[in-house]
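**Student:** My file is start33.txt. It has compact mmCIF, C-alpha atoms:
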```
# COMPACT_ATOMS: atom_id res chain seq x y z
CA MET A 235 73.56 37.53 24.70
CA LEU A 236 75.05 38.23 28.13
CA ASP A 237 75.10 34.53 28.96
CA TRP A 238 77.28 33.91 25.93
CA TRP A 239 79.89 36.42 27.12
CA ARG A 240 79.86 34.97 30.61
CA GLU A 241 80.56 31.48 29.24
CA ALA A 242 83.47 33.01 27.24
CA GLY A 243 84.94 34.29 30.56
CA VAL A 244 84.14 37.97 30.08
CA ASP A 245 82.44 39.35 33.18
CA HIS A 246 83.37 43.11 32.90
CA ALA A 247 82.45 45.79 30.44
CA PHE A 248 85.23 47.16 28.25
CA GLY A 249 85.42 50.30 26.16
CA ASP A 250 87.83 51.77 23.58
CA ASP A 251 87.84 55.34 24.96
CA PRO A 252 90.60 56.21 27.50
CA ARG A 253 89.51 57.02 31.02
CA THR A 254 91.20 58.75 33.95
CA TRP A 255 90.60 56.29 36.72
CA LEU A 256 91.92 58.56 39.51
CA ALA A 257 89.59 61.44 38.62
CA ALA A 258 87.04 62.40 41.28
CA PRO A 259 83.47 61.28 40.58
CA ALA A 260 81.35 63.87 38.83
CA GLU A 261 79.04 64.22 41.83
CA GLU A 262 81.92 65.01 44.19
CA GLN A 263 83.02 68.67 44.44
CA PRO A 264 86.72 69.47 44.74
CA VAL A 265 87.81 70.37 48.25
CA THR A 266 88.16 74.12 48.53
CA GLU A 267 90.72 75.81 50.74
CA GLN A 268 89.23 76.67 54.12
CA ARG A 269 90.26 80.05 55.49
CA ALA A 270 90.49 80.63 59.23
CA ALA A 271 87.76 82.81 60.65
CA PRO A 272 88.95 86.30 61.59
CA PRO A 273 89.60 86.76 65.31
CA PRO A 274 86.86 88.47 67.31
CA PRO A 275 87.39 92.19 67.88
CA ALA A 276 89.39 93.05 70.98
CA PHE A 277 87.29 93.95 74.01
CA VAL A 278 87.38 97.63 74.80
CA ALA A 279 86.11 98.53 78.25
CA PRO A 280 83.64 101.41 78.25
CA ALA A 281 85.13 104.69 79.34
CA THR A 282 84.60 105.49 83.01
CA PRO A 283 82.50 108.62 83.33
CA PRO A 284 84.30 111.47 85.06
CA ALA A 285 83.57 111.81 88.75
CA GLU A 286 81.01 114.44 89.66
CA ARG A 287 82.83 117.30 91.32
CA ILE A 288 81.88 118.45 94.79
CA ALA A 289 79.96 121.71 94.59
CA GLY A 290 81.41 124.95 95.88
CA LEU A 291 85.08 123.96 95.93
CA GLY A 292 86.06 127.50 95.05
CA ALA A 293 84.10 128.95 97.96
CA LEU A 294 84.32 126.50 100.86
CA PRO A 295 83.18 127.70 104.31
CA ALA A 296 85.55 130.19 105.92
CA THR A 297 85.13 129.13 109.57
CA LEU A 298 85.15 125.78 111.32
CA PRO A 299 81.52 125.99 112.60
CA GLU A 300 80.35 126.87 109.08
CA PHE A 301 82.37 123.96 107.70
CA HIS A 302 80.72 121.55 110.18
CA ALA A 303 77.26 122.70 109.01
CA TRP A 304 78.31 122.39 105.36
CA TRP A 305 79.75 118.92 106.07
CA LEU A 306 76.36 117.65 107.20
CA ALA A 307 74.23 119.38 104.58
CA GLU A 308 76.11 119.59 101.24
CA PRO A 309 74.52 116.92 98.95
CA SER A 310 77.39 116.69 96.45
CA LEU A 311 79.84 115.74 99.20
CA ASP A 312 78.43 112.22 99.15
CA GLY A 313 76.39 111.78 95.97
CA GLY A 314 73.31 113.36 97.52
CA ASN A 315 73.25 111.01 100.51
CA LEU A 316 72.70 112.88 103.78
CA ALA A 317 71.77 109.96 106.02
CA GLY A 318 74.35 108.65 108.47
CA ARG A 319 76.66 111.67 108.36
CA ILE A 320 78.73 112.38 111.45
CA ALA A 321 80.27 115.77 112.24
CA PRO A 322 83.88 116.21 113.38
CA ARG A 323 84.38 117.04 117.05
CA GLY A 324 86.74 119.32 118.87
CA ALA A 325 87.84 122.93 118.71
CA ALA A 326 90.21 124.77 116.42
CA GLY A 327 93.81 125.11 117.55
CA ALA A 328 93.92 121.74 119.33
CA GLU A 329 97.23 120.23 120.37
CA LEU A 330 96.54 117.28 118.07
CA MET A 331 94.21 116.65 115.14
CA VAL A 332 93.46 113.01 114.40
CA LEU A 333 92.27 112.35 110.85
CA ILE A 334 90.73 108.96 110.01
CA ASP A 335 89.21 107.59 106.81
CA HIS A 336 85.52 107.41 107.74
CA PRO A 337 83.24 107.08 110.80
CA GLU A 338 82.72 103.73 112.45
CA ALA A 339 79.70 101.60 111.59
CA GLU A 340 78.52 102.07 115.20
CA ASP A 341 78.63 105.87 115.05
CA ARG A 342 75.29 107.62 115.29
CA ASP A 343 75.61 111.06 116.90
CA ARG A 344 79.29 111.09 117.87
CA LEU A 345 82.37 110.35 115.79
CA LEU A 346 84.39 107.32 116.92
CA SER A 347 81.92 106.06 119.49
CA GLY A 348 82.68 102.37 118.90
CA PRO A 349 85.65 100.04 119.47
CA GLN A 350 87.96 102.07 117.23
CA GLY A 351 87.16 105.13 119.29
CA ARG A 352 88.03 103.28 122.50
CA LEU A 353 91.35 102.28 120.97
CA LEU A 354 92.06 105.91 120.05
CA ASP A 355 91.05 107.07 123.53
CA GLY A 356 93.71 104.76 124.97
CA ILE A 357 96.34 106.17 122.61
CA LEU A 358 95.42 109.74 123.51
CA ARG A 359 95.46 109.02 127.26
CA ALA A 360 98.93 107.53 126.90
CA LEU A 361 99.96 110.80 125.25
CA GLY A 362 98.47 112.78 128.13
CA LEU A 363 95.46 113.97 126.11
CA THR A 364 91.76 113.42 126.51
CA ALA A 365 89.51 112.77 123.53
CA ASP A 366 87.89 116.18 124.04
CA ALA A 367 91.28 117.91 123.98
CA ALA A 368 92.02 116.61 120.48
CA TYR A 369 90.25 117.50 117.26
CA LEU A 370 88.84 114.34 115.66
CA ALA A 371 87.78 114.30 112.02
CA ALA A 372 87.14 111.89 109.15
CA CYS A 373 87.80 112.27 105.44
CA LEU A 374 84.29 111.02 104.64
CA PRO A 375 81.06 112.17 106.26
CA ARG A 376 79.65 108.68 106.86
CA HIS A 377 80.73 105.07 107.22
CA MET A 378 81.80 103.73 103.81
CA PRO A 379 83.51 100.28 103.95
CA LEU A 380 85.08 100.24 100.45
CA PRO A 381 85.51 103.81 99.20
CA ASP A 382 87.12 104.48 95.82
CA TRP A 383 89.76 106.92 97.02
CA ALA A 384 91.04 107.79 93.55
CA ALA A 385 87.54 108.71 92.37
CA LEU A 386 86.86 110.67 95.55
CA ASP A 387 90.08 112.60 95.13
CA ALA A 388 89.17 113.34 91.52
CA ALA A 389 85.82 114.65 92.75
CA GLY A 390 87.60 117.15 95.00
CA LEU A 391 87.72 115.36 98.36
CA GLY A 392 91.42 116.17 98.69
CA GLU A 393 90.68 119.89 98.39
CA VAL A 394 87.98 119.58 101.05
CA THR A 395 90.30 117.63 103.39
CA ARG A 396 93.15 120.13 103.06
CA HIS A 397 90.78 123.04 103.65
CA HIS A 398 89.38 121.26 106.70
CA ILE A 399 92.83 120.89 108.23
CA ALA A 400 93.62 124.54 107.52
CA LEU A 401 90.47 125.63 109.36
CA ALA A 402 91.18 123.33 112.33
CA LYS A 403 94.71 124.79 112.72
CA PRO A 404 96.08 121.98 114.91
CA ARG A 405 99.60 122.04 116.32
CA ARG A 406 100.17 118.46 115.14
CA LEU A 407 98.38 116.19 112.69
CA LEU A 408 98.05 112.41 113.17
CA VAL A 409 96.66 110.61 110.10
CA LEU A 410 95.49 107.04 110.70
CA GLY A 411 95.21 105.40 107.30
CA ARG A 412 98.04 105.44 104.77
CA HIS A 413 95.57 105.59 101.88
CA ILE A 414 94.69 109.11 103.07
CA SER A 415 98.09 110.53 102.06
CA PRO A 416 97.07 111.32 98.44
CA LEU A 417 94.28 113.55 99.77
CA LEU A 418 96.96 115.62 101.51
CA GLY A 419 98.82 116.23 98.27
CA HIS A 420 101.33 113.39 98.63
CA ASP A 421 101.65 110.97 95.71
CA PRO A 422 103.20 107.67 96.94
CA THR A 423 103.87 106.60 93.33
CA LYS A 424 106.28 109.51 92.92
CA SER A 425 107.95 109.49 96.31
CA ALA A 426 108.40 106.57 98.68
CA GLU A 427 109.48 108.94 101.45
CA PRO A 428 106.88 109.24 104.22
CA LEU A 429 105.12 112.56 104.51
CA ARG A 430 106.55 114.47 107.51
CA HIS A 431 104.73 117.80 107.26
CA PHE A 432 101.43 119.10 106.03
CA ASN A 433 101.94 122.29 104.04
CA HIS A 434 98.99 124.44 103.12
CA GLU A 435 98.58 128.17 102.57
CA SER A 436 101.99 129.06 104.04
CA ARG A 437 101.31 126.95 107.13
CA THR A 438 103.42 123.91 108.04
CA ILE A 439 102.12 121.34 110.53
CA PRO A 440 104.14 118.35 111.83
CA LEU A 441 102.55 115.19 110.46
CA LEU A 442 102.64 111.49 111.29
CA VAL A 443 100.92 108.88 109.12
CA GLY A 444 100.13 105.44 110.54
CA ARG A 445 97.89 102.46 109.95
CA SER A 446 94.14 102.86 110.15
CA LEU A 447 92.37 102.16 113.45
CA ALA A 448 90.62 99.18 111.83
CA ALA A 449 94.02 97.67 110.90
CA LEU A 450 95.54 98.42 114.31
CA ALA A 451 92.66 96.80 116.21
CA GLY A 452 93.83 93.27 115.45
CA GLN A 453 97.58 93.84 115.27
CA PRO A 454 99.50 94.09 118.57
CA ARG A 455 102.73 94.69 116.65
CA GLY A 456 101.07 97.48 114.71
CA LYS A 457 100.02 99.17 117.95
CA ALA A 458 103.54 98.87 119.34
CA GLY A 459 104.97 100.30 116.11
CA LEU A 460 102.59 103.26 116.17
CA TRP A 461 103.35 103.94 119.83
CA GLN A 462 107.10 104.00 119.17
CA ALA A 463 106.54 106.30 116.19
CA LEU A 464 104.47 108.61 118.41
CA LEU A 465 107.22 108.70 121.06
CA ASP A 466 109.80 109.60 118.44
CA TRP A 467 107.49 112.15 116.87
CA THR A 468 106.68 113.94 120.11
CA GLY A 469 110.22 113.68 121.46
CA ARG A 470 109.25 111.48 124.43
CA ASP A 471 111.33 108.69 125.92
```
Would you mind writing the file out in structure tokens?
**Tutor:**
Amino acid sequence: MLDWWREAGVDHAFGDDPRTWLAAPAEEQPVTEQRAAPPPPAFVAPATPPAERIAGLGALPATLPEFHAWWLAEPSLDGGNLAGRIAPRGAAGAELMVLIDHPEAEDRDRLLSGPQGRLLDGILRALGLTADAAYLAACLPRHMPLPDWAALDAAGLGEVTRHHIALAKPRRLLVLGRHISPLLGHDPTKSAEPLRHFNHESRTIPLLVGRSLAALAGQPRGKAGLWQALLDWTGRD
């Protein structure tokens, strides 16, 4: 039967029913609209826990010797760490108090016993002072290379530092480390003017703020700039 149709020249099947030739095959599913995936939720950093406050801020030691003992023994002053603490040195009422950020890495029993201390000794000698004639203190009880000053201030270190200065009662205050200024009650973000006086409990002390001893050690220009500032501050030629 099929051979007969082939000989007649018919090689395709024909039908009478209409057909939509462009329709998709039955086995093929129509393409559905693809929706973009929702963006991932924005990252929210976990809240930083509040800094643990230093104990006894409302009743700090009333005398300098008591403060020195408290400085070496109060656990909350340094997160419970008592090792490596160095006491301030000098007597109350000194001609000059020098406040630095933290002890040197070389310090063991005496504050500023390394190269930074030798640099400060040279500065003091040029001013006509010996190291023992000045009161030397640090804001932190031990060497701490990268302290978080904002967190320390929030914990109450500024209150401790200001109380320390009030007990020392120096005639002048030299602060070596500009990052220390906020601990003295000066907010650099609100005032670009340098701090000229330390005011605390109705007492005003002439103040000079300079670069840290670590920064000065490798900067001859920085040393020259500090020396000129010291001459202007003390009224020397």
**Student:** Can you tell me which residues surround segment 336-344 of chain A at a distance of at most 6 Å, considering all atoms listed in the file, apart from same-chain residues fewer than 5 positions away, and format the answer as a ChimeraX atom specification?
**Tutor:** /A:372-374,376-377
**Student:** From the list A:Ile288, A:Ala276, A:Leu450, A:Ala328, which residue is nearest Ala402 of chain A when using all atoms listed in the file?
**Tutor:**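 Using all atoms listed in the file, the shortest distance to Ala402 of chain A belongs to A:Ala328.
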**Student:** So which residues touch Leu291 of chain A within 8 Å, counting all atoms listed in the file, skipping near sequence neighbours fewer than 4 positions away, as a list in words?
**Tutor:**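 After dropping sequence-adjacent residues, the list is Gly390, Glu393 and Val394 of chain A.
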**Student:** Rounded to one decimal, what separation in Å do you get between atom CA of Leu358 of chain A and atom CA of Gln462 of chain A?
**Tutor:** 13.7 Å
**Student:** Please report the interatomic distance between atom CA of Gly444 of chain A and atom CA of Gly362 of chain A in Å with one decimal.
**Tutor:**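 Separation of atom CA of Gly444 of chain A and atom CA of Gly362 of chain A: 19.1 Å.
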**Student:** How big is the axis-aligned box, and where does its centre sit, when it encloses all atoms of segment 432-440 of chain A listed in the file and has 8 Å added on every side, reported in Å to one decimal as AutoDock Vina command-line options?
**Tutor:**
```
--center_x 101.4 --center_y 123.7 --center_z 107.2 --size_x 21.6 --size_y 26.7 --size_z 25.3
```
**Student:** Taking into account all atoms listed in the file, which residue in the set A:Ser415, A:Asn315, A:Ser347, A:Thr395 is nearest to Leu429 of chain A?
**Tutor:**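 Of A:Ser415, A:Asn315, A:Ser347, A:Thr395, the one nearest Leu429 of chain A is A:Ser415, counting all atoms listed in the file.
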**Student:** In Å, how far is it from atom CA of Ala293 of chain A to atom CA of Ala368 of chain A?
**Tutor:**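 Atom-to-atom, atom CA of Ala293 of chain A to atom CA of Ala368 of chain A, that is 26.9 Å.
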**Student:** Please list, as a PyMOL selection string, the residues that have an atom at most 9 Å away from (91.0, 115.9, 124.3) in the coordinates of this file, counting all atoms listed in the file.
**Tutor:** chain A and resi 324+328-330+355+358-359+362-369
**Student:** What lies within 12 Å of Gly456 of chain A using only C-alpha atoms, ignoring chain neighbours under 6 positions off, as a VMD selection string?
**Tutor:** chain A and resid 410 444 to 450 462 to 463
**Student:** Between A:Ile414, A:Ile334, A:Ala371, A:Leu380, which one has atoms that come closest to Trp305 of chain A, using all atoms listed in the file?
**Tutor:**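 The shortest atom-to-atom distance to Trp305 of chain A comes from A:Ala371.
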**Student:** Nearest to Leu298 of chain A: which of A:His398, A:Leu441, A:Met331, A:Leu391 is it, counting all atoms listed in the file?
**Tutor:**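 Ranking A:His398, A:Leu441, A:Met331, A:Leu391 by distance to Leu298 of chain A, first place goes to A:His398.
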**Student:** Smallest atom-to-atom distance to Thr468 of chain A: which of A:Leu361, A:Ala307, A:Leu370, A:Leu401, using all atoms listed in the file?
**Tutor:** A:Leu361
